[in-house]
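Right, one structure below, let's go through it.
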Amino acid sequence: MANIDTEYLNSLVTRFKAYKKPNDTQKLIIALGSKSERSDDDDKKLTVLLRAEKKADELMKARAATQRIMNAEKTAARKLETRKKVIWGAALKTASKDSPQIAQLMQKLFNEGYVSKSDQDVVKDDLMHSNNANH
């Protein structure tokens, strides 16, 4: 008789029975796992199927871990890019208070569509204050 992890087998049978459309392998695991009396041949088949399912589970977990790493890298890159934009924006805003050229550049960026329409209301007051301070 083959050494079968009955706890794992029972969890798979329960999980696969809940599927709307189990595949052929899953159907076979359900059928063999539900038998009260299994032959040695059934146990051999079941052992191979369980080993394959464990490997499939490991692969799924590894892929999920890889996806988490990739998402974390992308998130870190986006956060860094956002931070750079905030820093440069703050530097421009501060410099525009003392430099008419930078204030004019910011006015040009505002007027030529580099600031989205939805964001213009947010920065309009800052733009007016920097222009008034330099005149």
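Just so we're on the same page: first chain in the structure tokens is A, next is B, and so on; residues restart at 1 for each chain, and ligands are numbered from 1 in the order they show up.
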
Using DSSP on the backbone coordinates, identify all residues within region 3-135 of chain A classified as helix (DSSP H, G or I); present the result as a count of residues only.
113

State, in Å with one decimal place, the distance from CA of Leu46 (chain A) to CA of Phe16 (chain A).
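Atom-to-atom, CA of Leu46 (chain A) and CA of Phe16 (chain A) are spaced 14.5 Å apart.
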
So that I can check the surroundings of Ser11 (chain A), please list as a ChimeraX atom specification every protein, DNA and RNA residue that reaches within 12 Å of it, counting only C-alpha atoms and ignoring chain neighbours fewer than 6 positions away.
/A:5,17-18,29-30,33-34,50,53-54

Nearest to Gln107 (chain A) by atom-to-atom distance, counting only C-alpha atoms, from A:Asp42, A:Asp125, A:Asp57, A:Glu7:
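Using only C-alpha atoms, Gln107 (chain A) sits closest to A:Asp125.
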
For the atom pair CA of Lys44 (chain A) and CA of Asn23 (chain A), what is the interatomic distance in Å to one decimal place?
19.8 Å

Enter the distance from CA of Lys61 (chain A) to CA of Lys20 (chain A), in Å, rounded to one decimal.
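Value for the CA of Lys61 (chain A)-CA of Lys20 (chain A) distance: 22.5 Å.
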
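If only C-alpha atoms are the atoms counted, then among A:Met106, A:Asn10, A:Ala72, A:Ser96 the closest residue to Gln120 (chain A) is A:Met106.
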
I want to know what sits within 12 Å of Ala52 (chain A), based on only C-alpha atoms, with residues of the same chain fewer than 6 positions away left out; could you give that as a list in words?
Thr25, Gln26, Ile29, Lys45, Leu46, Glu58 and Leu59 of chain A
